[in-house]
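*Asks:* Sending over data.tsv (TSV, N, CA and C atoms).
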```
chain	number	residue	atom	x	y	z
A	1	GLN	N	20.86	3.02	9.60
A	1	GLN	CA	20.13	4.18	9.12
A	1	GLN	C	19.11	3.76	8.07
A	2	LEU	N	17.88	4.20	8.25
A	2	LEU	CA	16.81	3.84	7.33
A	2	LEU	C	17.00	4.54	5.99
A	3	GLN	N	16.85	3.78	4.93
A	3	GLN	CA	16.94	4.34	3.59
A	3	GLN	C	15.88	3.70	2.71
A	4	LEU	N	15.18	4.52	1.96
A	4	LEU	CA	14.16	4.07	1.03
A	4	LEU	C	14.52	4.55	-0.36
A	5	VAL	N	14.54	3.64	-1.31
A	5	VAL	CA	14.89	4.00	-2.68
A	5	VAL	C	13.74	3.57	-3.59
A	6	GLU	N	13.12	4.56	-4.23
A	6	GLU	CA	12.01	4.29	-5.14
A	6	GLU	C	12.50	4.20	-6.57
A	7	SER	N	11.78	3.43	-7.37
A	7	SER	CA	12.06	3.36	-8.79
A	7	SER	C	10.79	2.93	-9.51
A	8	GLY	N	10.80	3.10	-10.83
A	8	GLY	CA	9.70	2.61	-11.65
A	8	GLY	C	8.76	3.67	-12.20
A	9	GLY	N	8.96	4.91	-11.82
A	9	GLY	CA	8.10	5.95	-12.38
A	9	GLY	C	8.40	6.22	-13.84
A	10	GLY	N	7.57	7.05	-14.45
A	10	GLY	CA	7.78	7.39	-15.85
A	10	GLY	C	6.54	7.95	-16.49
A	11	LEU	N	6.58	8.00	-17.81
A	11	LEU	CA	5.47	8.51	-18.61
A	11	LEU	C	4.71	7.33	-19.22
A	12	VAL	N	3.40	7.35	-19.06
A	12	VAL	CA	2.58	6.26	-19.59
A	12	VAL	C	1.28	6.85	-20.14
A	13	GLN	N	0.72	6.20	-21.13
A	13	GLN	CA	-0.53	6.67	-21.71
A	13	GLN	C	-1.70	6.25	-20.82
A	14	PRO	N	-2.81	6.98	-20.90
A	14	PRO	CA	-4.00	6.56	-20.14
A	14	PRO	C	-4.38	5.12	-20.47
A	15	GLY	N	-4.73	4.39	-19.42
A	15	GLY	CA	-5.04	2.98	-19.58
A	15	GLY	C	-3.85	2.06	-19.42
A	16	GLY	N	-2.67	2.64	-19.36
A	16	GLY	CA	-1.46	1.85	-19.24
A	16	GLY	C	-1.14	1.44	-17.82
A	17	SER	N	0.01	0.80	-17.66
A	17	SER	CA	0.41	0.27	-16.35
A	17	SER	C	1.85	0.65	-16.03
A	18	LEU	N	2.12	0.75	-14.74
A	18	LEU	CA	3.46	0.93	-14.23
A	18	LEU	C	3.59	0.15	-12.93
A	19	ARG	N	4.80	-0.23	-12.60
A	19	ARG	CA	5.05	-0.84	-11.31
A	19	ARG	C	6.15	-0.05	-10.59
A	20	LEU	N	5.80	0.45	-9.44
A	20	LEU	CA	6.76	1.16	-8.60
A	20	LEU	C	7.38	0.20	-7.60
A	21	SER	N	8.65	0.43	-7.31
A	21	SER	CA	9.36	-0.38	-6.32
A	21	SER	C	9.94	0.52	-5.24
A	22	CYS	N	9.93	0.03	-4.02
A	22	CYS	CA	10.52	0.75	-2.89
A	22	CYS	C	11.38	-0.24	-2.12
A	23	LYS	N	12.69	-0.06	-2.25
A	23	LYS	CA	13.62	-0.94	-1.55
A	23	LYS	C	14.04	-0.26	-0.25
A	24	ALA	N	13.84	-0.98	0.85
A	24	ALA	CA	14.14	-0.44	2.16
A	24	ALA	C	15.37	-1.11	2.75
A	25	SER	N	16.18	-0.31	3.41
A	25	SER	CA	17.30	-0.84	4.17
A	25	SER	C	17.33	-0.13	5.52
A	26	GLY	N	17.77	-0.86	6.54
A	26	GLY	CA	17.83	-0.28	7.87
A	26	GLY	C	16.49	-0.20	8.57
A	27	LEU	N	15.51	-0.97	8.09
A	27	LEU	CA	14.17	-0.91	8.69
A	27	LEU	C	14.18	-1.62	10.04
A	28	THR	N	13.62	-0.99	11.05
A	28	THR	CA	13.55	-1.59	12.38
A	28	THR	C	12.12	-2.00	12.71
A	29	SER	N	11.96	-2.71	13.80
A	29	SER	CA	10.68	-3.33	14.11
A	29	SER	C	9.61	-2.31	14.51
A	30	ASP	N	9.98	-1.07	14.78
A	30	ASP	CA	8.96	-0.10	15.15
A	30	ASP	C	8.35	0.62	13.94
A	31	TYR	N	8.73	0.22	12.75
A	31	TYR	CA	8.06	0.69	11.55
A	31	TYR	C	7.01	-0.35	11.19
A	32	TYR	N	5.76	0.03	11.34
A	32	TYR	CA	4.68	-0.94	11.24
A	32	TYR	C	4.08	-1.06	9.85
A	33	ALA	N	4.43	-0.17	8.98
A	33	ALA	CA	3.87	-0.25	7.64
A	33	ALA	C	4.76	0.47	6.65
A	34	ILE	N	4.61	0.08	5.41
A	34	ILE	CA	5.23	0.80	4.28
A	34	ILE	C	4.08	1.28	3.42
A	35	GLY	N	4.16	2.50	2.98
A	35	GLY	CA	3.07	3.03	2.19
A	35	GLY	C	3.54	3.79	0.97
A	36	TRP	N	2.62	3.93	0.04
A	36	TRP	CA	2.82	4.78	-1.14
A	36	TRP	C	1.89	5.97	-1.00
A	37	PHE	N	2.45	7.13	-1.19
A	37	PHE	CA	1.73	8.38	-1.12
A	37	PHE	C	2.01	9.15	-2.39
A	38	ARG	N	1.16	10.10	-2.72
A	38	ARG	CA	1.41	10.89	-3.92
A	38	ARG	C	1.03	12.34	-3.70
A	39	GLN	N	1.68	13.19	-4.47
A	39	GLN	CA	1.39	14.62	-4.39
A	39	GLN	C	1.41	15.20	-5.79
A	40	ALA	N	0.26	15.69	-6.20
A	40	ALA	CA	0.13	16.36	-7.48
A	40	ALA	C	0.37	17.86	-7.30
A	41	PRO	N	0.75	18.56	-8.35
A	41	PRO	CA	1.00	20.01	-8.24
A	41	PRO	C	-0.21	20.74	-7.67
A	42	GLY	N	0.03	21.55	-6.64
A	42	GLY	CA	-1.04	22.33	-6.05
A	42	GLY	C	-1.96	21.57	-5.12
A	43	LYS	N	-1.65	20.30	-4.88
A	43	LYS	CA	-2.50	19.49	-4.00
A	43	LYS	C	-1.70	18.98	-2.82
A	44	GLU	N	-2.44	18.57	-1.79
A	44	GLU	CA	-1.79	18.01	-0.62
A	44	GLU	C	-1.37	16.56	-0.90
A	45	ARG	N	-0.37	16.12	-0.15
A	45	ARG	CA	0.04	14.73	-0.26
A	45	ARG	C	-1.06	13.83	0.28
A	46	GLU	N	-1.30	12.73	-0.42
A	46	GLU	CA	-2.36	11.83	0.00
A	46	GLU	C	-1.86	10.40	0.00
A	47	GLY	N	-2.46	9.59	0.88
A	47	GLY	CA	-2.13	8.18	0.93
A	47	GLY	C	-2.78	7.44	-0.22
A	48	VAL	N	-2.01	6.60	-0.88
A	48	VAL	CA	-2.50	5.80	-1.99
A	48	VAL	C	-2.76	4.37	-1.54
A	49	SER	N	-1.75	3.76	-0.94
A	49	SER	CA	-1.89	2.38	-0.50
A	49	SER	C	-0.80	2.08	0.51
A	50	CYS	N	-1.13	1.25	1.49
A	50	CYS	CA	-0.18	0.89	2.53
A	50	CYS	C	-0.29	-0.59	2.85
A	51	ILE	N	0.81	-1.14	3.34
A	51	ILE	CA	0.84	-2.55	3.70
A	51	ILE	C	1.60	-2.70	5.02
A	52	ARG	N	1.10	-3.53	5.90
A	52	ARG	CA	1.76	-3.74	7.17
A	52	ARG	C	3.10	-4.44	6.97
A	53	SER	N	4.03	-4.15	7.85
A	53	SER	CA	5.36	-4.76	7.76
A	53	SER	C	5.31	-6.25	8.06
A	54	SER	N	4.34	-6.67	8.84
A	54	SER	CA	4.12	-8.09	9.09
A	54	SER	C	2.63	-8.36	9.06
A	55	GLY	N	2.27	-9.55	8.65
A	55	GLY	CA	0.86	-9.82	8.47
A	55	GLY	C	0.39	-9.35	7.11
A	56	GLY	N	-0.88	-9.47	6.83
A	56	GLY	CA	-1.37	-9.20	5.48
A	56	GLY	C	-2.20	-7.95	5.32
A	57	GLY	N	-2.19	-7.07	6.31
A	57	GLY	CA	-3.07	-5.92	6.24
A	57	GLY	C	-2.67	-4.92	5.18
A	58	THR	N	-3.65	-4.50	4.38
A	58	THR	CA	-3.43	-3.49	3.35
A	58	THR	C	-4.56	-2.47	3.39
A	59	HIS	N	-4.29	-1.34	2.79
A	59	HIS	CA	-5.30	-0.29	2.67
A	59	HIS	C	-5.12	0.41	1.33
A	60	TYR	N	-6.23	0.77	0.73
A	60	TYR	CA	-6.20	1.49	-0.54
A	60	TYR	C	-7.10	2.71	-0.45
A	61	ALA	N	-6.66	3.78	-1.06
A	61	ALA	CA	-7.54	4.93	-1.23
A	61	ALA	C	-8.67	4.54	-2.19
A	62	ASP	N	-9.83	5.13	-1.98
A	62	ASP	CA	-10.98	4.80	-2.83
A	62	ASP	C	-10.69	5.05	-4.31
A	63	SER	N	-9.90	6.04	-4.59
A	63	SER	CA	-9.64	6.43	-5.97
A	63	SER	C	-8.81	5.40	-6.74
A	64	VAL	N	-8.16	4.47	-6.02
A	64	VAL	CA	-7.29	3.51	-6.71
A	64	VAL	C	-7.74	2.06	-6.51
A	65	LYS	N	-8.78	1.86	-5.72
A	65	LYS	CA	-9.27	0.49	-5.47
A	65	LYS	C	-9.65	-0.18	-6.79
A	66	GLY	N	-9.21	-1.42	-6.93
A	66	GLY	CA	-9.50	-2.17	-8.14
A	66	GLY	C	-8.51	-1.93	-9.27
A	67	ARG	N	-7.67	-0.91	-9.12
A	67	ARG	CA	-6.70	-0.61	-10.16
A	67	ARG	C	-5.25	-0.80	-9.69
A	68	PHE	N	-5.00	-0.50	-8.43
A	68	PHE	CA	-3.65	-0.59	-7.87
A	68	PHE	C	-3.57	-1.77	-6.92
A	69	THR	N	-2.40	-2.40	-6.88
A	69	THR	CA	-2.16	-3.50	-5.95
A	69	THR	C	-0.82	-3.31	-5.26
A	70	ILE	N	-0.82	-3.35	-3.94
A	70	ILE	CA	0.42	-3.24	-3.18
A	70	ILE	C	0.84	-4.64	-2.73
A	71	SER	N	2.14	-4.88	-2.76
A	71	SER	CA	2.66	-6.17	-2.31
A	71	SER	C	4.06	-5.97	-1.77
A	72	ARG	N	4.58	-6.98	-1.12
A	72	ARG	CA	5.94	-6.87	-0.59
A	72	ARG	C	6.66	-8.19	-0.78
A	73	ASP	N	7.96	-8.09	-0.94
A	73	ASP	CA	8.86	-9.24	-1.02
A	73	ASP	C	9.84	-9.08	0.14
A	74	ASN	N	9.59	-9.80	1.23
A	74	ASN	CA	10.41	-9.63	2.42
A	74	ASN	C	11.86	-10.04	2.19
A	75	ALA	N	12.07	-11.02	1.34
A	75	ALA	CA	13.43	-11.47	1.05
A	75	ALA	C	14.26	-10.37	0.38
A	76	LYS	N	13.57	-9.52	-0.36
A	76	LYS	CA	14.25	-8.42	-1.06
A	76	LYS	C	14.06	-7.09	-0.35
A	77	ASN	N	13.35	-7.10	0.77
A	77	ASN	CA	13.06	-5.84	1.50
A	77	ASN	C	12.46	-4.79	0.56
A	78	THR	N	11.57	-5.23	-0.27
A	78	THR	CA	11.02	-4.35	-1.30
A	78	THR	C	9.49	-4.40	-1.28
A	79	VAL	N	8.89	-3.23	-1.41
A	79	VAL	CA	7.44	-3.10	-1.54
A	79	VAL	C	7.14	-2.59	-2.94
A	80	TYR	N	6.13	-3.17	-3.56
A	80	TYR	CA	5.76	-2.82	-4.93
A	80	TYR	C	4.37	-2.19	-4.95
A	81	LEU	N	4.16	-1.35	-5.94
A	81	LEU	CA	2.83	-0.82	-6.22
A	81	LEU	C	2.57	-1.03	-7.71
A	82	GLN	N	1.73	-2.01	-8.01
A	82	GLN	CA	1.33	-2.26	-9.39
A	82	GLN	C	0.15	-1.36	-9.71
A	83	MET	N	0.32	-0.53	-10.71
A	83	MET	CA	-0.70	0.44	-11.08
A	83	MET	C	-1.21	0.12	-12.47
A	84	ASN	N	-2.47	-0.24	-12.57
A	84	ASN	CA	-3.11	-0.56	-13.84
A	84	ASN	C	-4.20	0.46	-14.15
A	85	SER	N	-4.63	0.46	-15.38
A	85	SER	CA	-5.70	1.36	-15.83
A	85	SER	C	-5.45	2.79	-15.38
A	86	LEU	N	-4.25	3.25	-15.62
A	86	LEU	CA	-3.87	4.57	-15.14
A	86	LEU	C	-4.66	5.68	-15.83
A	87	LYS	N	-4.93	6.73	-15.05
A	87	LYS	CA	-5.69	7.87	-15.53
A	87	LYS	C	-4.84	9.13	-15.41
A	88	PRO	N	-5.16	10.16	-16.17
A	88	PRO	CA	-4.41	11.42	-16.03
A	88	PRO	C	-4.43	11.95	-14.58
A	89	ASP	N	-5.51	11.70	-13.85
A	89	ASP	CA	-5.59	12.14	-12.46
A	89	ASP	C	-4.59	11.43	-11.55
A	90	ASP	N	-3.98	10.35	-12.02
A	90	ASP	CA	-2.97	9.65	-11.23
A	90	ASP	C	-1.60	10.33	-11.35
A	91	THR	N	-1.49	11.31	-12.19
A	91	THR	CA	-0.22	12.03	-12.36
A	91	THR	C	0.17	12.71	-11.07
A	92	ALA	N	1.37	12.41	-10.60
A	92	ALA	CA	1.86	12.96	-9.34
A	92	ALA	C	3.28	12.47	-9.09
A	93	VAL	N	3.92	13.04	-8.09
A	93	VAL	CA	5.14	12.45	-7.55
A	93	VAL	C	4.70	11.42	-6.51
A	94	TYR	N	5.19	10.23	-6.66
A	94	TYR	CA	4.84	9.14	-5.75
A	94	TYR	C	5.99	8.93	-4.75
A	95	TYR	N	5.64	8.91	-3.49
A	95	TYR	CA	6.61	8.74	-2.43
A	95	TYR	C	6.36	7.45	-1.68
A	96	CYS	N	7.44	6.76	-1.41
A	96	CYS	CA	7.39	5.62	-0.51
A	96	CYS	C	7.67	6.14	0.90
A	97	ALA	N	7.01	5.54	1.88
A	97	ALA	CA	7.25	5.95	3.26
A	97	ALA	C	7.21	4.74	4.18
A	98	ALA	N	8.13	4.72	5.12
A	98	ALA	CA	8.08	3.76	6.22
A	98	ALA	C	7.42	4.48	7.39
A	99	ILE	N	6.42	3.85	7.97
A	99	ILE	CA	5.60	4.54	8.96
A	99	ILE	C	5.85	3.95	10.34
A	100	ARG	N	6.33	4.79	11.23
A	100	ARG	CA	6.54	4.38	12.61
A	100	ARG	C	5.27	4.72	13.39
A	101	ALA	N	4.78	3.75	14.15
A	101	ALA	CA	3.55	3.99	14.88
A	101	ALA	C	3.51	3.13	16.13
A	102	ARG	N	2.56	3.43	16.98
A	102	ARG	CA	2.36	2.62	18.17
A	102	ARG	C	1.72	1.30	17.77
A	103	PRO	N	1.93	0.27	18.57
A	103	PRO	CA	1.27	-1.01	18.27
A	103	PRO	C	-0.23	-0.85	18.18
A	104	PHE	N	-0.85	-1.62	17.34
A	104	PHE	CA	-2.30	-1.67	17.14
A	104	PHE	C	-2.85	-0.43	16.42
A	105	THR	N	-1.96	0.42	15.92
A	105	THR	CA	-2.45	1.50	15.06
A	105	THR	C	-3.00	0.89	13.79
A	106	THR	N	-4.17	1.34	13.37
A	106	THR	CA	-4.77	0.74	12.18
A	106	THR	C	-4.02	1.14	10.92
A	107	ILE	N	-4.05	0.28	9.94
A	107	ILE	CA	-3.41	0.57	8.68
A	107	ILE	C	-4.08	1.76	8.00
A	108	GLN	N	-5.37	1.90	8.20
A	108	GLN	CA	-6.09	3.03	7.61
A	108	GLN	C	-5.59	4.35	8.21
A	109	ALA	N	-5.36	4.38	9.52
A	109	ALA	CA	-4.89	5.60	10.16
A	109	ALA	C	-3.50	5.96	9.68
A	110	MET	N	-2.65	4.96	9.53
A	110	MET	CA	-1.29	5.23	9.04
A	110	MET	C	-1.33	5.72	7.61
A	111	CYS	N	-2.18	5.13	6.80
A	111	CYS	CA	-2.21	5.47	5.37
A	111	CYS	C	-2.85	6.84	5.13
A	112	SER	N	-3.74	7.23	6.02
A	112	SER	CA	-4.36	8.55	5.87
A	112	SER	C	-3.55	9.64	6.57
A	113	MET	N	-2.43	9.25	7.16
A	113	MET	CA	-1.51	10.16	7.84
A	113	MET	C	-2.15	10.84	9.05
A	114	THR	N	-3.14	10.19	9.64
A	114	THR	CA	-3.74	10.71	10.87
A	114	THR	C	-3.07	10.12	12.11
A	115	SER	N	-2.22	9.12	11.89
A	115	SER	CA	-1.49	8.51	13.00
A	115	SER	C	-0.17	7.95	12.48
A	116	GLY	N	0.85	8.00	13.34
A	116	GLY	CA	2.14	7.48	12.93
A	116	GLY	C	3.04	8.57	12.36
A	117	THR	N	4.30	8.25	12.26
A	117	THR	CA	5.30	9.19	11.73
A	117	THR	C	5.94	8.58	10.50
A	118	PRO	N	5.76	9.20	9.34
A	118	PRO	CA	6.37	8.63	8.12
A	118	PRO	C	7.81	9.07	7.94
A	119	TYR	N	8.59	8.17	7.38
A	119	TYR	CA	9.94	8.49	6.92
A	119	TYR	C	9.92	8.37	5.41
A	120	TRP	N	10.22	9.46	4.72
A	120	TRP	CA	9.98	9.53	3.28
A	120	TRP	C	11.16	9.13	2.43
A	121	GLY	N	10.84	8.53	1.29
A	121	GLY	CA	11.81	8.36	0.23
A	121	GLY	C	11.90	9.63	-0.59
A	122	GLN	N	12.68	9.58	-1.67
A	122	GLN	CA	12.93	10.80	-2.45
A	122	GLN	C	11.84	11.10	-3.46
A	123	GLY	N	11.01	10.12	-3.76
A	123	GLY	CA	9.91	10.32	-4.70
A	123	GLY	C	10.27	9.94	-6.12
A	124	THR	N	9.25	9.55	-6.88
A	124	THR	CA	9.42	9.24	-8.29
A	124	THR	C	8.22	9.77	-9.05
A	125	GLN	N	8.48	10.38	-10.20
A	125	GLN	CA	7.42	11.03	-10.97
A	125	GLN	C	6.66	10.01	-11.81
A	126	VAL	N	5.34	10.10	-11.73
A	126	VAL	CA	4.46	9.32	-12.60
A	126	VAL	C	3.62	10.31	-13.39
A	127	THR	N	3.69	10.22	-14.71
A	127	THR	CA	2.92	11.10	-15.58
A	127	THR	C	2.07	10.25	-16.51
A	128	VAL	N	0.76	10.50	-16.47
A	128	VAL	CA	-0.18	9.77	-17.32
A	128	VAL	C	-0.73	10.75	-18.33
A	129	SER	N	-0.33	10.57	-19.57
A	129	SER	CA	-0.70	11.54	-20.60
A	129	SER	C	-0.59	10.89	-21.96
A	130	SER	N	-1.47	11.34	-22.85
A	130	SER	CA	-1.39	10.86	-24.23
A	130	SER	C	-0.57	11.80	-25.08
```
Output the file's structure in the form of structure tokens.

*Replies:*
Amino acid sequence: QLQLVESGGGLVQPGGSLRLSCKASGLTSDYYAIGWFRQAPGKEREGVSCIRSSGGGTHYADSVKGRFTISRDNAKNTVYLQMNSLKPDDTAVYYCAAIRARPFTTIQAMCSMTSGTPYWGQGTQVTVSS
């Protein structure tokens, strides 16, 4: 059974950093990517960054390029999201998702939720405020 456990959220001042972790268990080969998504109050859930389960493909939303870095440690079955230069607009619940998709689905399509089926973690709150 697939299980995703997120950790690392919290309260941070503008300009600060946080690292989110997503530990996966029960992941099968038909999950082609792991992604971080976020949902702020009153807004739709949006893709932040995704990484392919194999190979080096990554995708970032324009709003976080240059500030966030996604990585994975296959030995630990864990995906990380390093978030630097945080802004109040980054405040949201952050969700990890394992994305099941057909072969050759682009990482961009999976991350924008236009293709593939995500399996969600429980979410972790990130609040950027002074």

*Asks:* Quick one: residues within 8 Å of Phe68 in chain A, only C-alpha atoms counted, chain neighbours fewer than 2 positions away excluded, as a ChimeraX atom specification?

*Replies:* /A:64-66,70,81-84

*Asks:* How many Å lie between atom C of Leu4 in chain A and CA of Ser130 in chain A, rounded to one decimal?

*Replies:*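 Separating atom C of Leu4 in chain A from CA of Ser130 in chain A is a distance of 29.4 Å.
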
*Asks:* Mind checking which residues fall within 7 Å of Val128 in chain A, counting only N, CA and C atoms, ignoring those fewer than 5 positions away in the same chain, and posting them as number ranges by chain?

*Replies:* A: 10-14, 86-92

*Asks:* Any chance you could list, as a PyMOL selection string, the residues in range 10-91 of chain A that come up strand (DSSP E) when DSSP is run on the backbone?

*Replies:* chain A and resi 10-12+18-25+31-39+46-52+58-60+68-73+78-83

*Asks:* Of the residues A:Thr28, A:Ser85, A:Ser112, A:Thr124, which is the one nearest to Cys50 in chain A, using all atoms listed in the file?

*Replies:*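 Of all the options, A:Ser112 lies closest to Cys50 in chain A.
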
*Asks:* Leu20 in chain A: which residues within 6 Å, counting only C-alpha atoms, same-chain residues fewer than 6 positions away excluded, as a list in words?

*Replies:*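 With the cut-off at 6 Å, the set is Ser7, Gly8, Tyr80 and Leu81 of chain A.
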
*Asks:* What's the 12 Å shell around range 54-59 of chain A, counting only C-alpha atoms, without same-chain residues fewer than 6 positions away, as a tab-separated table (two decimals) with N, CA and C atoms, keeping the file's coordinate frame?

*Replies:*
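As a result, around06.tsv now contains:
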```
chain	number	residue	atom	x	y	z
A	28	THR	N	13.62	-0.99	11.05
A	28	THR	CA	13.55	-1.59	12.38
A	28	THR	C	12.12	-2.00	12.71
A	29	SER	N	11.96	-2.71	13.80
A	29	SER	CA	10.68	-3.33	14.11
A	29	SER	C	9.61	-2.31	14.51
A	30	ASP	N	9.98	-1.07	14.78
A	30	ASP	CA	8.96	-0.10	15.15
A	30	ASP	C	8.35	0.62	13.94
A	31	TYR	N	8.73	0.22	12.75
A	31	TYR	CA	8.06	0.69	11.55
A	31	TYR	C	7.01	-0.35	11.19
A	32	TYR	N	5.76	0.03	11.34
A	32	TYR	CA	4.68	-0.94	11.24
A	32	TYR	C	4.08	-1.06	9.85
A	33	ALA	N	4.43	-0.17	8.98
A	33	ALA	CA	3.87	-0.25	7.64
A	33	ALA	C	4.76	0.47	6.65
A	34	ILE	N	4.61	0.08	5.41
A	34	ILE	CA	5.23	0.80	4.28
A	34	ILE	C	4.08	1.28	3.42
A	35	GLY	N	4.16	2.50	2.98
A	35	GLY	CA	3.07	3.03	2.19
A	35	GLY	C	3.54	3.79	0.97
A	36	TRP	N	2.62	3.93	0.04
A	36	TRP	CA	2.82	4.78	-1.14
A	36	TRP	C	1.89	5.97	-1.00
A	37	PHE	N	2.45	7.13	-1.19
A	37	PHE	CA	1.73	8.38	-1.12
A	37	PHE	C	2.01	9.15	-2.39
A	47	GLY	N	-2.46	9.59	0.88
A	47	GLY	CA	-2.13	8.18	0.93
A	47	GLY	C	-2.78	7.44	-0.22
A	48	VAL	N	-2.01	6.60	-0.88
A	48	VAL	CA	-2.50	5.80	-1.99
A	48	VAL	C	-2.76	4.37	-1.54
A	65	LYS	N	-8.78	1.86	-5.72
A	65	LYS	CA	-9.27	0.49	-5.47
A	65	LYS	C	-9.65	-0.18	-6.79
A	66	GLY	N	-9.21	-1.42	-6.93
A	66	GLY	CA	-9.50	-2.17	-8.14
A	66	GLY	C	-8.51	-1.93	-9.27
A	68	PHE	N	-5.00	-0.50	-8.43
A	68	PHE	CA	-3.65	-0.59	-7.87
A	68	PHE	C	-3.57	-1.77	-6.92
A	69	THR	N	-2.40	-2.40	-6.88
A	69	THR	CA	-2.16	-3.50	-5.95
A	69	THR	C	-0.82	-3.31	-5.26
A	70	ILE	N	-0.82	-3.35	-3.94
A	70	ILE	CA	0.42	-3.24	-3.18
A	70	ILE	C	0.84	-4.64	-2.73
A	71	SER	N	2.14	-4.88	-2.76
A	71	SER	CA	2.66	-6.17	-2.31
A	71	SER	C	4.06	-5.97	-1.77
A	72	ARG	N	4.58	-6.98	-1.12
A	72	ARG	CA	5.94	-6.87	-0.59
A	72	ARG	C	6.66	-8.19	-0.78
A	73	ASP	N	7.96	-8.09	-0.94
A	73	ASP	CA	8.86	-9.24	-1.02
A	73	ASP	C	9.84	-9.08	0.14
A	74	ASN	N	9.59	-9.80	1.23
A	74	ASN	CA	10.41	-9.63	2.42
A	74	ASN	C	11.86	-10.04	2.19
A	77	ASN	N	13.35	-7.10	0.77
A	77	ASN	CA	13.06	-5.84	1.50
A	77	ASN	C	12.46	-4.79	0.56
A	79	VAL	N	8.89	-3.23	-1.41
A	79	VAL	CA	7.44	-3.10	-1.54
A	79	VAL	C	7.14	-2.59	-2.94
A	81	LEU	N	4.16	-1.35	-5.94
A	81	LEU	CA	2.83	-0.82	-6.22
A	81	LEU	C	2.57	-1.03	-7.71
A	103	PRO	N	1.93	0.27	18.57
A	103	PRO	CA	1.27	-1.01	18.27
A	103	PRO	C	-0.23	-0.85	18.18
A	104	PHE	N	-0.85	-1.62	17.34
A	104	PHE	CA	-2.30	-1.67	17.14
A	104	PHE	C	-2.85	-0.43	16.42
A	105	THR	N	-1.96	0.42	15.92
A	105	THR	CA	-2.45	1.50	15.06
A	105	THR	C	-3.00	0.89	13.79
A	106	THR	N	-4.17	1.34	13.37
A	106	THR	CA	-4.77	0.74	12.18
A	106	THR	C	-4.02	1.14	10.92
A	107	ILE	N	-4.05	0.28	9.94
A	107	ILE	CA	-3.41	0.57	8.68
A	107	ILE	C	-4.08	1.76	8.00
A	108	GLN	N	-5.37	1.90	8.20
A	108	GLN	CA	-6.09	3.03	7.61
A	108	GLN	C	-5.59	4.35	8.21
A	109	ALA	N	-5.36	4.38	9.52
A	109	ALA	CA	-4.89	5.60	10.16
A	109	ALA	C	-3.50	5.96	9.68
A	110	MET	N	-2.65	4.96	9.53
A	110	MET	CA	-1.29	5.23	9.04
A	110	MET	C	-1.33	5.72	7.61
A	111	CYS	N	-2.18	5.13	6.80
A	111	CYS	CA	-2.21	5.47	5.37
A	111	CYS	C	-2.85	6.84	5.13
A	112	SER	N	-3.74	7.23	6.02
A	112	SER	CA	-4.36	8.55	5.87
A	112	SER	C	-3.55	9.64	6.57
```

*Asks:* I need the residues of chain A that end up classed as alpha helix (DSSP H) by DSSP on the backbone, written out as a ChimeraX atom specification.

*Replies:* /A:107-111

*Asks:* Quote the spacing between CA of Asp62 in chain A and CA of Lys43 in chain A in Å to one decimal place.

*Replies:*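 Here the two named atoms are 17.0 Å from each other.
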
*Asks:* Take atom N of Leu27 in chain A and atom C of Tyr119 in chain A and report the distance between them in Å, one decimal.

*Replies:*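 If I compute the distance from atom N of Leu27 in chain A to atom C of Tyr119 in chain A, I get 11.2 Å.
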
*Asks:* Please, which residues are within 5 Å of (6.3, 5.6, -5.5) by the file's coordinates, counting all atoms listed in the file, and could they come as a PyMOL selection string?

*Replies:* chain A and resi 94-96
